[in-house]
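The structure file entry.cif is reproduced below (mmCIF, C-alpha atoms).
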data_target
#
loop_
_atom_site.label_atom_id
_atom_site.label_comp_id
_atom_site.auth_asym_id
_atom_site.auth_seq_id
_atom_site.Cartn_x
_atom_site.Cartn_y
_atom_site.Cartn_z
CA MET L 1 0.00 0.00 0.00
CA LYS L 2 2.93 2.34 0.78
CA LYS L 3 4.28 1.71 -2.73
CA ILE L 4 0.91 2.63 -4.23
CA PHE L 5 0.69 5.83 -2.20
CA VAL L 6 4.20 6.96 -3.17
CA MET L 7 3.40 6.33 -6.84
CA PHE L 8 0.10 8.13 -6.44
CA SER L 9 1.77 11.20 -4.92
CA ILE L 10 4.17 11.47 -7.85
CA VAL L 11 1.37 11.18 -10.40
CA LEU L 12 -0.89 13.60 -8.54
CA MET L 13 1.77 16.32 -8.66
CA ALA L 14 2.22 15.86 -12.39
CA VAL L 15 -1.41 14.88 -13.09
CA SER L 16 -0.14 13.04 -16.13
CA CYS L 17 3.21 13.00 -17.91
CA SER L 18 3.63 10.05 -20.27
CA ASP L 19 6.14 9.10 -22.93
CA ASN L 20 4.24 8.01 -26.01
CA ASP L 21 7.37 6.41 -27.51
CA SER L 22 6.07 7.25 -30.99
CA VAL L 23 9.28 7.71 -32.97
CA SER L 24 9.71 7.40 -36.69
CA SER L 25 12.13 4.87 -38.13
CA LYS L 26 14.15 4.91 -41.34
CA GLY L 27 14.18 1.11 -41.56
CA GLU L 28 12.26 -0.74 -44.26
CA PRO L 29 9.58 -3.19 -43.09
CA THR L 30 10.42 -6.90 -43.26
CA ALA L 31 6.88 -7.90 -42.28
CA LYS L 32 3.55 -6.14 -41.94
CA ILE L 33 1.19 -7.80 -39.49
CA VAL L 34 -2.29 -7.24 -38.13
CA THR L 35 -3.21 -8.63 -34.72
CA VAL L 36 -6.90 -8.90 -33.82
CA SER L 37 -8.15 -10.71 -30.75
CA ASP L 38 -11.18 -12.07 -28.91
CA LEU L 39 -13.56 -12.19 -31.85
CA HIS L 40 -16.14 -14.05 -29.72
CA TYR L 41 -17.98 -14.83 -32.94
CA PHE L 42 -21.47 -16.25 -32.46
CA ASN L 43 -23.27 -18.05 -35.26
CA PRO L 44 -26.12 -15.64 -36.14
CA ASP L 45 -28.38 -18.67 -36.68
CA TYR L 46 -28.23 -19.18 -32.90
CA VAL L 47 -29.32 -15.62 -32.05
CA ASP L 48 -32.86 -14.83 -30.96
CA VAL L 49 -32.96 -11.49 -29.18
CA SER L 50 -36.45 -12.26 -27.86
CA ASN L 51 -35.21 -15.35 -26.02
CA PRO L 52 -35.24 -14.50 -22.26
CA ASP L 53 -32.11 -16.60 -21.65
CA TYR L 54 -30.27 -14.67 -24.34
CA GLN L 55 -31.45 -11.37 -22.88
CA THR L 56 -30.18 -12.45 -19.45
CA TYR L 57 -26.85 -13.41 -20.95
CA LEU L 58 -26.45 -10.06 -22.69
CA MET L 59 -27.37 -8.20 -19.50
CA MET L 60 -24.44 -9.79 -17.68
CA ASP L 61 -21.87 -9.40 -20.44
CA ARG L 62 -19.97 -6.46 -21.92
CA LYS L 63 -19.40 -8.01 -25.34
CA LEU L 64 -21.20 -7.11 -28.57
CA ILE L 65 -22.17 -10.72 -29.23
CA THR L 66 -25.26 -9.99 -31.35
CA GLU L 67 -23.09 -7.74 -33.52
CA SER L 68 -20.17 -10.20 -33.73
CA ASP L 69 -20.98 -11.38 -37.26
CA ALA L 70 -21.24 -7.79 -38.53
CA LEU L 71 -18.00 -6.86 -36.75
CA LEU L 72 -16.00 -9.76 -38.17
CA ASN L 73 -17.31 -9.04 -41.66
CA ALA L 74 -16.40 -5.36 -41.27
CA PHE L 75 -12.89 -6.46 -40.28
CA LYS L 76 -12.82 -8.78 -43.29
CA SER L 77 -13.69 -5.92 -45.64
CA GLU L 78 -10.96 -3.73 -44.16
CA MET L 79 -8.36 -6.49 -44.49
CA ILE L 80 -9.29 -7.33 -48.08
CA SER L 81 -8.88 -3.66 -48.99
CA ARG L 82 -5.36 -3.55 -47.46
CA THR L 83 -2.90 -4.88 -50.00
CA ASP L 84 0.07 -4.13 -47.72
CA ILE L 85 -0.83 -6.58 -44.93
CA GLU L 86 1.05 -9.90 -45.06
CA TYR L 87 0.02 -11.69 -41.86
CA ILE L 88 -2.87 -11.69 -39.40
CA PHE L 89 -2.45 -13.08 -35.87
CA ILE L 90 -5.50 -14.06 -33.76
CA PRO L 91 -4.57 -14.91 -30.13
CA GLY L 92 -7.68 -16.80 -29.09
CA ASP L 93 -11.31 -16.56 -28.00
CA ILE L 94 -12.34 -16.92 -31.60
CA THR L 95 -15.92 -17.90 -30.69
CA LYS L 96 -18.52 -17.00 -28.08
CA ASP L 97 -18.50 -20.39 -26.36
CA GLY L 98 -16.79 -22.80 -28.69
CA GLU L 99 -19.80 -23.70 -30.83
CA LYS L 100 -18.65 -25.92 -33.69
CA THR L 101 -20.67 -24.08 -36.30
CA SER L 102 -19.34 -20.73 -35.04
CA HIS L 103 -15.79 -22.01 -35.58
CA GLN L 104 -16.72 -23.25 -39.05
CA LYS L 105 -18.23 -19.91 -40.04
CA VAL L 106 -15.15 -18.04 -38.77
CA ALA L 107 -12.90 -20.34 -40.80
CA THR L 108 -14.94 -19.53 -43.92
CA ILE L 109 -14.53 -15.78 -43.31
CA LEU L 110 -10.80 -16.22 -42.68
CA ARG L 111 -10.46 -18.08 -45.99
CA ASP L 112 -12.04 -15.09 -47.74
CA ILE L 113 -9.41 -12.85 -46.16
CA GLU L 114 -6.57 -15.21 -47.08
CA ALA L 115 -7.79 -15.20 -50.68
CA SER L 116 -6.77 -11.53 -50.80
CA GLY L 117 -3.13 -12.47 -50.23
CA LYS L 118 -2.74 -12.61 -46.44
CA LYS L 119 -1.68 -15.50 -44.20
CA ILE L 120 -3.64 -15.98 -40.96
CA TYR L 121 -2.52 -17.75 -37.79
CA VAL L 122 -4.64 -18.61 -34.76
CA VAL L 123 -4.31 -20.13 -31.30
CA PRO L 124 -7.19 -21.09 -29.00
CA GLY L 125 -8.57 -19.06 -26.12
CA ASN L 126 -10.36 -20.23 -23.00
CA HIS L 127 -13.79 -20.04 -24.71
CA ASP L 128 -12.89 -22.09 -27.78
CA ILE L 129 -12.49 -25.80 -26.88
CA ASN L 130 -14.52 -28.32 -24.82
CA ASN L 131 -16.80 -25.48 -23.74
CA GLY L 132 -19.71 -26.83 -21.71
CA MET L 133 -21.72 -23.65 -22.32
CA ALA L 134 -22.05 -24.00 -26.11
CA MET L 135 -25.71 -23.08 -26.66
CA SER L 136 -28.19 -21.98 -29.29
CA PHE L 137 -30.76 -19.34 -28.30
CA SER L 138 -32.78 -19.65 -31.49
CA GLY L 139 -36.28 -20.41 -30.27
CA SER L 140 -35.66 -22.46 -27.16
CA THR L 141 -32.27 -22.60 -25.44
CA ILE L 142 -30.53 -25.86 -26.31
CA PRO L 143 -26.94 -27.19 -26.09
CA VAL L 144 -25.03 -27.44 -29.36
CA ASP L 145 -21.82 -29.20 -30.34
CA ALA L 146 -18.58 -27.72 -29.08
CA VAL L 147 -15.19 -28.68 -30.52
CA THR L 148 -12.46 -30.93 -29.19
CA PRO L 149 -8.76 -30.01 -29.45
CA ASP L 150 -8.41 -32.24 -32.51
CA GLU L 151 -11.44 -30.64 -34.16
CA PHE L 152 -10.05 -27.16 -33.44
CA SER L 153 -6.75 -27.93 -35.16
CA GLU L 154 -8.65 -29.53 -38.06
CA ILE L 155 -11.02 -26.58 -38.58
CA TYR L 156 -8.09 -24.16 -38.43
CA SER L 157 -5.68 -26.49 -40.22
CA GLU L 158 -4.79 -23.90 -42.86
CA PHE L 159 -4.34 -21.17 -40.25
CA GLY L 160 -1.17 -22.44 -38.63
CA TYR L 161 -1.50 -26.13 -37.90
CA SER L 162 -0.97 -27.84 -41.28
CA GLU L 163 2.05 -25.70 -42.18
CA ALA L 164 3.76 -25.72 -38.78
CA LEU L 165 7.47 -26.46 -38.70
CA TYR L 166 6.92 -28.01 -35.29
CA ARG L 167 3.92 -28.91 -33.15
CA ASP L 168 3.95 -29.53 -29.41
CA THR L 169 2.54 -32.96 -28.54
CA ASN L 170 1.24 -31.71 -25.17
CA SER L 171 -0.82 -28.74 -26.38
CA LEU L 172 -2.00 -26.93 -29.50
CA SER L 173 1.20 -24.89 -29.58
CA TYR L 174 3.22 -24.69 -32.79
CA MET L 175 6.13 -22.97 -34.49
CA VAL L 176 5.63 -21.73 -38.05
CA LYS L 177 8.01 -20.12 -40.54
CA LEU L 178 6.81 -16.76 -41.82
CA LYS L 179 10.01 -15.96 -43.69
CA ASP L 180 13.54 -17.37 -43.73
CA ASN L 181 14.57 -15.14 -40.83
CA LEU L 182 11.20 -14.81 -39.09
CA TRP L 183 9.21 -17.45 -37.15
CA LEU L 184 5.97 -17.28 -35.21
CA LEU L 185 5.56 -19.18 -31.93
CA GLY L 186 1.85 -19.82 -31.35
CA LEU L 187 1.25 -20.91 -27.76
CA ASP L 188 -1.71 -22.71 -26.23
CA ASP L 189 -2.00 -22.32 -22.44
CA CYS L 190 -5.74 -23.00 -22.08
CA LYS L 191 -7.15 -25.50 -19.56
CA TYR L 192 -9.89 -26.98 -21.76
CA ASN L 193 -9.06 -30.56 -20.75
CA SER L 194 -10.60 -29.81 -17.34
CA ASN L 195 -13.82 -28.25 -18.68
CA GLN L 196 -17.13 -29.93 -17.81
CA PHE L 197 -20.42 -30.02 -19.72
CA GLY L 198 -22.89 -27.45 -18.40
CA GLU L 199 -20.18 -25.47 -16.62
CA HIS L 200 -18.31 -22.33 -17.60
CA PRO L 201 -14.87 -23.07 -19.06
CA HIS L 202 -11.73 -22.42 -17.08
CA THR L 203 -10.81 -18.76 -17.49
CA ASP L 204 -7.20 -19.14 -16.36
CA GLY L 205 -4.32 -20.65 -18.29
CA LYS L 206 -1.09 -22.54 -17.73
CA LEU L 207 1.88 -23.64 -19.81
CA SER L 208 2.79 -27.13 -18.65
CA ASP L 209 6.37 -28.10 -17.80
CA ALA L 210 6.44 -30.29 -20.91
CA THR L 211 5.29 -27.42 -23.14
CA MET L 212 7.80 -25.04 -21.53
CA GLY L 213 10.55 -27.57 -22.32
CA TRP L 214 9.36 -27.70 -25.95
CA ILE L 215 9.32 -23.88 -26.10
CA ARG L 216 12.89 -23.63 -24.79
CA GLU L 217 14.07 -26.18 -27.35
CA LYS L 218 12.50 -24.33 -30.29
CA LEU L 219 13.67 -20.90 -29.17
CA GLU L 220 17.20 -22.21 -28.74
CA GLU L 221 17.09 -23.53 -32.30
CA ALA L 222 15.86 -20.19 -33.61
CA LYS L 223 18.58 -18.34 -31.71
CA SER L 224 21.28 -20.65 -33.08
CA LYS L 225 20.07 -19.83 -36.61
CA ASN L 226 19.81 -16.08 -35.94
CA ILE L 227 16.05 -16.15 -36.58
CA THR L 228 13.74 -13.54 -35.06
CA VAL L 229 10.74 -15.08 -33.28
CA LEU L 230 7.43 -13.37 -32.52
CA GLY L 231 5.08 -14.96 -30.00
CA MET L 232 1.30 -15.27 -29.63
CA ILE L 233 -0.70 -16.57 -26.64
CA HIS L 234 -4.17 -15.91 -25.25
CA HIS L 235 -3.40 -15.04 -21.61
CA GLY L 236 -1.17 -12.18 -20.54
CA ILE L 237 2.36 -12.96 -19.41
CA VAL L 238 3.06 -9.49 -17.96
CA PRO L 239 0.61 -7.64 -15.64
CA HIS L 240 -1.02 -4.70 -17.40
CA PHE L 241 -1.69 -2.85 -14.14
CA GLU L 242 -0.29 -3.45 -10.66
CA TYR L 243 -3.46 -4.92 -9.16
CA GLN L 244 -4.23 -7.26 -12.06
CA PRO L 245 -2.53 -10.27 -10.40
CA ILE L 246 -4.49 -9.55 -7.19
CA MET L 247 -7.98 -8.88 -8.53
CA PHE L 248 -7.89 -10.59 -11.95
CA PRO L 249 -5.22 -13.32 -11.78
CA GLU L 250 -7.13 -15.54 -14.22
CA TYR L 251 -6.26 -13.12 -17.03
CA LEU L 252 -2.56 -13.89 -16.65
CA THR L 253 -1.03 -17.29 -17.35
CA ASP L 254 -0.10 -19.20 -14.20
CA ASP L 255 3.38 -18.36 -12.89
CA PHE L 256 3.56 -15.49 -15.37
CA ALA L 257 6.74 -14.02 -13.86
CA THR L 258 8.70 -17.22 -14.47
CA VAL L 259 7.17 -17.70 -17.92
CA SER L 260 7.94 -14.16 -19.09
CA SER L 261 11.48 -14.35 -17.73
CA GLU L 262 12.18 -17.69 -19.43
CA LEU L 263 10.77 -16.51 -22.75
CA ALA L 264 12.84 -13.32 -22.64
CA ASP L 265 16.03 -15.16 -21.68
CA ASN L 266 15.49 -17.57 -24.56
CA GLY L 267 15.25 -14.78 -27.12
CA LEU L 268 11.54 -13.95 -27.35
CA ASN L 269 11.17 -10.18 -27.06
CA VAL L 270 7.56 -9.67 -28.23
CA ILE L 271 4.40 -11.66 -27.60
CA PHE L 272 0.87 -10.79 -28.75
CA THR L 273 -1.90 -11.47 -26.23
CA GLY L 274 -5.60 -10.84 -25.65
CA HIS L 275 -8.12 -12.14 -23.10
CA TYR L 276 -8.64 -9.03 -20.92
CA HIS L 277 -10.20 -7.00 -23.78
CA ALA L 278 -7.94 -4.01 -23.15
CA ASN L 279 -5.57 -2.30 -25.56
CA ASP L 280 -2.45 -2.21 -23.42
CA ILE L 281 1.27 -2.81 -23.81
CA ALA L 282 3.36 -3.87 -20.83
CA LYS L 283 6.97 -4.95 -20.59
CA THR L 284 9.17 -6.65 -18.05
CA THR L 285 12.87 -7.37 -17.69
CA SER L 286 14.23 -10.77 -16.70
CA ILE L 287 16.84 -11.34 -14.02
CA ASN L 288 19.34 -11.57 -16.88
CA ASN L 289 18.31 -8.12 -18.11
CA ASN L 290 16.37 -9.29 -21.18
CA GLU L 291 13.16 -7.44 -22.07
CA ILE L 292 9.88 -8.85 -23.28
CA TYR L 293 6.87 -6.82 -24.46
CA ASP L 294 3.34 -8.14 -23.90
CA ILE L 295 1.28 -6.47 -26.64
CA GLU L 296 -2.33 -7.03 -25.58
CA THR L 297 -4.98 -6.21 -28.16
CA GLY L 298 -8.52 -5.39 -27.06
CA SER L 299 -11.49 -7.44 -28.21
CA LEU L 300 -13.07 -6.96 -31.62
CA VAL L 301 -16.48 -7.17 -29.87
CA THR L 302 -15.71 -4.84 -26.96
CA TYR L 303 -15.44 -1.05 -27.22
CA PRO L 304 -13.41 0.44 -28.84
CA CYS L 305 -13.25 -2.66 -31.11
CA PRO L 306 -9.55 -2.32 -31.98
CA TYR L 307 -6.99 -4.12 -34.06
CA ARG L 308 -3.31 -3.39 -34.42
CA ILE L 309 -1.02 -2.89 -37.39
CA VAL L 310 2.54 -3.97 -36.67
CA GLU L 311 5.55 -3.31 -38.91
CA LEU L 312 8.74 -5.25 -38.29
CA LYS L 313 11.59 -3.33 -39.86
CA LYS L 314 15.03 -4.41 -41.03
CA ASP L 315 16.70 -2.56 -38.18
CA ARG L 316 14.77 -4.83 -35.74
CA THR L 317 12.34 -2.17 -34.63
CA LEU L 318 8.64 -2.82 -34.33
CA GLN L 319 6.22 -0.02 -35.17
CA VAL L 320 2.81 -0.60 -33.57
CA SER L 321 -0.28 1.45 -34.41
CA THR L 322 -3.93 0.98 -33.47
CA LYS L 323 -7.06 1.10 -35.61
CA HIS L 324 -10.74 0.73 -34.67
CA ILE L 325 -13.77 -0.63 -36.46
CA GLU L 326 -15.75 2.48 -37.36
CA ASN L 327 -18.67 1.11 -39.40
CA ILE L 328 -20.65 -2.13 -39.41
CA ASN L 329 -23.67 -3.38 -41.32
CA PHE L 330 -26.07 -3.36 -38.36
CA ASP L 331 -29.03 -1.33 -37.14
CA LEU L 332 -27.55 1.17 -34.66
CA GLY L 333 -30.90 2.66 -33.69
CA ASN L 334 -30.61 6.32 -32.73
CA PHE L 335 -26.81 6.33 -32.59
CA GLY L 336 -25.06 8.32 -35.26
CA SER L 337 -21.85 6.27 -35.26
CA PHE L 338 -20.84 2.74 -34.40
CA GLN L 339 -18.23 3.96 -31.90
CA ASP L 340 -20.94 5.89 -29.99
CA TYR L 341 -23.11 2.77 -30.07
CA ALA L 342 -20.28 0.57 -28.76
CA LEU L 343 -19.34 3.04 -26.02
CA ASN L 344 -22.93 3.23 -24.81
CA TYR L 345 -23.16 -0.56 -24.83
CA ILE L 346 -20.09 -1.12 -22.69
CA ASN L 347 -20.96 1.70 -20.31
CA THR L 348 -24.44 0.24 -19.78
CA GLY L 349 -23.06 -3.27 -19.31
CA LEU L 350 -20.38 -2.26 -16.83
CA GLN L 351 -22.93 -0.38 -14.71
CA VAL L 352 -24.45 -3.82 -14.05
CA LEU L 353 -21.25 -5.87 -13.79
CA VAL L 354 -19.05 -3.61 -11.68
CA PRO L 355 -21.27 -3.42 -8.54
CA TYR L 356 -21.50 -7.21 -8.57
CA MET L 357 -17.71 -7.48 -8.91
CA LEU L 358 -17.06 -4.99 -6.10
CA MET L 359 -19.36 -6.83 -3.72
CA GLN L 360 -17.59 -10.08 -4.60
CA TYR L 361 -14.45 -8.43 -3.24
CA GLY L 362 -16.16 -7.37 -0.01
CA ALA L 363 -17.67 -3.96 -0.81
CA THR L 364 -20.91 -3.07 0.91
CA GLN L 365 -23.83 -2.15 -1.32
CA ASN L 366 -23.34 1.55 -0.48
CA GLN L 367 -19.63 1.35 -1.27
CA ALA L 368 -20.37 -0.44 -4.56
CA GLU L 369 -22.95 2.14 -5.61
CA PHE L 370 -20.55 4.98 -4.82
CA LEU L 371 -17.51 3.43 -6.52
CA THR L 372 -19.20 2.07 -9.64
CA PRO L 373 -19.13 5.21 -11.84
CA TYR L 374 -15.45 5.76 -11.03
CA MET L 375 -14.55 2.12 -11.71
CA VAL L 376 -16.55 2.09 -14.96
CA LYS L 377 -14.74 5.19 -16.14
CA ALA L 378 -11.35 3.64 -15.33
CA PHE L 379 -12.13 0.31 -16.99
CA ILE L 380 -13.29 2.00 -20.20
CA ALA L 381 -10.15 4.14 -20.24
CA HIS L 382 -8.08 0.97 -19.79
CA TYR L 383 -9.87 -0.73 -22.69
CA GLU L 384 -9.05 2.32 -24.85
CA GLY L 385 -5.39 2.39 -23.77
CA ASP L 386 -3.11 5.31 -22.81
CA GLU L 387 -5.28 6.07 -19.79
CA THR L 388 -4.98 9.51 -18.22
CA ALA L 389 -6.71 10.30 -14.93
CA ASP L 390 -8.12 13.75 -14.25
CA GLN L 391 -7.76 15.62 -10.96
CA GLU L 392 -11.07 14.33 -9.59
CA ASP L 393 -10.10 10.69 -10.15
CA LEU L 394 -6.70 11.12 -8.54
CA LEU L 395 -8.11 12.92 -5.50
CA LEU L 396 -10.66 10.14 -5.02
CA CYS L 397 -7.84 7.58 -5.14
CA GLN L 398 -5.97 9.56 -2.49
CA GLN L 399 -9.01 9.74 -0.22
CA LEU L 400 -9.67 6.01 -0.53
CA ILE L 401 -6.03 5.03 0.02
CA GLN L 402 -5.90 7.18 3.17
CA SER L 403 -9.21 5.80 4.49
CA SER L 404 -9.27 3.83 7.74
CA ASN L 405 -11.49 1.25 6.03
CA ALA L 406 -9.47 -1.66 4.63
CA ASN L 407 -11.86 -2.25 1.73
CA GLU L 408 -11.73 1.38 0.68
CA GLN L 409 -7.93 1.30 0.83
CA MET L 410 -7.87 -1.75 -1.45
CA PHE L 411 -10.32 -0.29 -3.95
CA GLY L 412 -8.46 3.02 -3.96
CA ALA L 413 -5.17 1.26 -4.65
CA ALA L 414 -6.78 -0.87 -7.37
CA LEU L 415 -8.39 2.15 -9.00
CA PHE L 416 -5.14 4.07 -8.92
CA SER L 417 -3.21 1.15 -10.40
CA ILE L 418 -5.54 1.16 -13.43
CA TRP L 419 -5.09 4.89 -13.95
CA ASN L 420 -1.33 4.76 -13.31
CA ASP L 421 -0.43 3.34 -16.71
CA PRO L 422 3.37 3.18 -16.90
CA ALA L 423 5.46 3.32 -20.06
CA PRO L 424 5.44 2.04 -22.73
CA ALA L 425 2.60 3.66 -24.64
CA ASP L 426 -0.40 1.47 -25.46
CA ASN L 427 -1.71 2.45 -28.88
CA ASN L 428 1.17 3.82 -30.95
CA ILE L 429 4.76 2.93 -30.18
CA LEU L 430 8.15 2.09 -31.69
CA ILE L 431 9.79 -0.87 -29.96
CA ASP L 432 13.51 -1.50 -30.39
CA LEU L 433 14.09 -5.28 -30.36
CA ASN L 434 17.85 -4.74 -30.19
#
Starting from the coordinates I provided, produce the structure as structure tokens.
Amino acid sequence: MKKIFVMFSIVLMAVSCSDNDSVSSKGEPTAKIVTVSDLHYFNPDYVDVSNPDYQTYLMMDRKLITESDALLNAFKSEMISRTDIEYIFIPGDITKDGEKTSHQKVATILRDIEASGKKIYVVPGNHDINNGMAMSFSGSTIPVDAVTPDEFSEIYSEFGYSEALYRDTNSLSYMVKLKDNLWLLGLDDCKYNSNQFGEHPHTDGKLSDATMGWIREKLEEAKSKNITVLGMIHHGIVPHFEYQPIMFPEYLTDDFATVSSELADNGLNVIFTGHYHANDIAKTTSINNNEIYDIETGSLVTYPCPYRIVELKKDRTLQVSTKHIENINFDLGNFGSFQDYALNYINTGLQVLVPYMLMQYGATQNQAEFLTPYMVKAFIAHYEGDETADQEDLLLCQQLIQSSNANEQMFGAALFSIWNDPAPADNNILIDLN
């Protein structure tokens, strides 16, 4: 708590002073990549907005599930129009709840994108495999087929698995050659083998000892051949705010500190992640002084519906920029723009979810009602990236941290840790891999 208060005091005096790290580079790109995450695509044949179960689901969720088909098709149109993009990385949660037909429809859309000259690579997320909550809401609510690990790799065979240089026998992890001097390490840390029918899938993730041994072996080979490796995994491997491991540990892979350190020491400097639905970049340094950047991309179905464009240049710098879906083929009602529609949707959803979350962590109903608007504001800023607190937010954090009530102290520290977004920048940045 003392550490939080000292950090808070520094930030309060400056209000906000951030380095956006946006520097131009003279290097020529050796690869141009798009990363898009957490599509949570739901087969539109399973949607019935009049179904009470579906209405209940939407009320307790912040994702634009009904709009997921329109969003993915809008992304498809943007990618087909971009002749400069070579590769697209998708780090998991491809479907709402692992419905087999949802996966099949996504694969069809991805084939349309690949036909325009791109190569697409995927790894699973916690929603995608052996999901006991795979349901159709069309008419009555009924279970539908989910996919097994083998079915996942078969459906997405042409999106990483069939062309892999190496595949891990203990997971759906693989290594694929993008170019002679550039490989992609797609990692699977999801716990789908423990999922049960009728129950929510495991949210957390873990890389087994056997898979970590396989990773070390492949990274050592790449290093010996002077090959640059980029990584992709669903769960974060570096905390994106100080209280994330305390309040939301399931959004980081188990033993993340050891994992990130081992990956960095074995030559992996950049890994693309998703899962938390925030557009945030975090980095850490191993005990051997090697850096690794966790480039988390927000969800395509959660405001502000981002994707990233990443340019790897010959001088081993990585230019990252952020785009948002601005238009979709969907009835937006009285909203003039899709971004206004999406912002209203997430704000409305979080007003329901946040009080419940706060009370789960011990807040009284009065405390939850008071804190909710401040927490909602912070969460939305975190989803956008490059958060900047105003004076009112910082003063509230100070008051809560100095409170004699232990719960208020915790919530104040958590709130401040979201607002206190350290370098590097989240949306537009130049990363030096040297």
*Expected selection from the PyMOL selection byres ((chain L and resi 349) around 12), given as number ranges by chain*: L: 56-64, 302-303, 342-348, 350-356, 372-373, 376, 379-380
For the residues in that selection, give me C-alpha atoms as a PDB file, in the frame of the given file.
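Result file is part.pdb:
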ATOM      1  CA  THR L  56     -30.180 -12.450 -19.450  1.00  0.00           C
ATOM      2  CA  TYR L  57     -26.850 -13.410 -20.950  1.00  0.00           C
ATOM      3  CA  LEU L  58     -26.450 -10.060 -22.690  1.00  0.00           C
ATOM      4  CA  MET L  59     -27.370  -8.200 -19.500  1.00  0.00           C
ATOM      5  CA  MET L  60     -24.440  -9.790 -17.680  1.00  0.00           C
ATOM      6  CA  ASP L  61     -21.870  -9.400 -20.440  1.00  0.00           C
ATOM      7  CA  ARG L  62     -19.970  -6.460 -21.920  1.00  0.00           C
ATOM      8  CA  LYS L  63     -19.400  -8.010 -25.340  1.00  0.00           C
ATOM      9  CA  LEU L  64     -21.200  -7.110 -28.570  1.00  0.00           C
ATOM     10  CA  THR L 302     -15.710  -4.840 -26.960  1.00  0.00           C
ATOM     11  CA  TYR L 303     -15.440  -1.050 -27.220  1.00  0.00           C
ATOM     12  CA  ALA L 342     -20.280   0.570 -28.760  1.00  0.00           C
ATOM     13  CA  LEU L 343     -19.340   3.040 -26.020  1.00  0.00           C
ATOM     14  CA  ASN L 344     -22.930   3.230 -24.810  1.00  0.00           C
ATOM     15  CA  TYR L 345     -23.160  -0.560 -24.830  1.00  0.00           C
ATOM     16  CA  ILE L 346     -20.090  -1.120 -22.690  1.00  0.00           C
ATOM     17  CA  ASN L 347     -20.960   1.700 -20.310  1.00  0.00           C
ATOM     18  CA  THR L 348     -24.440   0.240 -19.780  1.00  0.00           C
ATOM     19  CA  LEU L 350     -20.380  -2.260 -16.830  1.00  0.00           C
ATOM     20  CA  GLN L 351     -22.930  -0.380 -14.710  1.00  0.00           C
ATOM     21  CA  VAL L 352     -24.450  -3.820 -14.050  1.00  0.00           C
ATOM     22  CA  LEU L 353     -21.250  -5.870 -13.790  1.00  0.00           C
ATOM     23  CA  VAL L 354     -19.050  -3.610 -11.680  1.00  0.00           C
ATOM     24  CA  PRO L 355     -21.270  -3.420  -8.540  1.00  0.00           C
ATOM     25  CA  TYR L 356     -21.500  -7.210  -8.570  1.00  0.00           C
ATOM     26  CA  THR L 372     -19.200   2.070  -9.640  1.00  0.00           C
ATOM     27  CA  PRO L 373     -19.130   5.210 -11.840  1.00  0.00           C
ATOM     28  CA  VAL L 376     -16.550   2.090 -14.960  1.00  0.00           C
ATOM     29  CA  PHE L 379     -12.130   0.310 -16.990  1.00  0.00           C
ATOM     30  CA  ILE L 380     -13.290   2.000 -20.200  1.00  0.00           C
TER      31      ILE L 380
END
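Taking only C-alpha atoms, the non-local environment of L:Asp432 within 9 Å (same-chain residues fewer than 5 positions away omitted) comprises Asp315, Arg316, Thr317, Leu318 and Gln319 of chain L.
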*Determine the residue membership of the PyMOL selection byres ((chain L and resi 95) around 7) for the file above and supply it as a PyMOL selection string.*
chain L and resi 39-42+93-94+96-99+102-103+127-128
Using C-alpha atoms, can you write the selected residues to a file as a CSV table (one decimal), in the coordinates of the input?
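The result, stored in again14.csv:
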chain,number,residue,atom,x,y,z
L,39,LEU,CA,-13.6,-12.2,-31.8
L,40,HIS,CA,-16.1,-14.0,-29.7
L,41,TYR,CA,-18.0,-14.8,-32.9
L,42,PHE,CA,-21.5,-16.2,-32.5
L,93,ASP,CA,-11.3,-16.6,-28.0
L,94,ILE,CA,-12.3,-16.9,-31.6
L,96,LYS,CA,-18.5,-17.0,-28.1
L,97,ASP,CA,-18.5,-20.4,-26.4
L,98,GLY,CA,-16.8,-22.8,-28.7
L,99,GLU,CA,-19.8,-23.7,-30.8
L,102,SER,CA,-19.3,-20.7,-35.0
L,103,HIS,CA,-15.8,-22.0,-35.6
L,127,HIS,CA,-13.8,-20.0,-24.7
L,128,ASP,CA,-12.9,-22.1,-27.8
*Just say which residues the PyMOL selection byres ((chain L and resi 321) around 6) picks in this file, as a PyMOL selection string.*
chain L and resi 308-309+320+322+427-428
Using all atoms listed in the file, find each residue in stretch 149-208 of chain L having at least one atom no more than 10 Å away from stretch 30-36 of chain L; report its shortest atom-to-atom pair and that distance in Å (one decimal), rows by chain then rising number, as JSON lines.
{"residue": "L:Leu178", "atom": "CA", "partner": "L:Ala31", "partner_atom": "CA", "distance": 8.9}
{"residue": "L:Lys179", "atom": "CA", "partner": "L:Ala31", "partner_atom": "CA", "distance": 8.8}
{"residue": "L:Asn181", "atom": "CA", "partner": "L:Thr30", "partner_atom": "CA", "distance": 9.5}
{"residue": "L:Leu182", "atom": "CA", "partner": "L:Ala31", "partner_atom": "CA", "distance": 8.8}
Residues near L:Val270, cut-off 8 Å, only C-alpha atoms, skip fewer than 5 positions along chain, as an mmCIF file with C-alpha atoms, keeping the file's coordinate frame:
data_model
loop_
_atom_site.group_PDB
_atom_site.id
_atom_site.type_symbol
_atom_site.label_atom_id
_atom_site.label_comp_id
_atom_site.auth_asym_id
_atom_site.auth_seq_id
_atom_site.Cartn_x
_atom_site.Cartn_y
_atom_site.Cartn_z
ATOM 1 C CA LEU L 230 7.430 -13.370 -32.520
ATOM 2 C CA GLY L 231 5.080 -14.960 -30.000
ATOM 3 C CA ILE L 292 9.880 -8.850 -23.280
ATOM 4 C CA TYR L 293 6.870 -6.820 -24.460
ATOM 5 C CA ASP L 294 3.340 -8.140 -23.900
ATOM 6 C CA ILE L 295 1.280 -6.470 -26.640
#
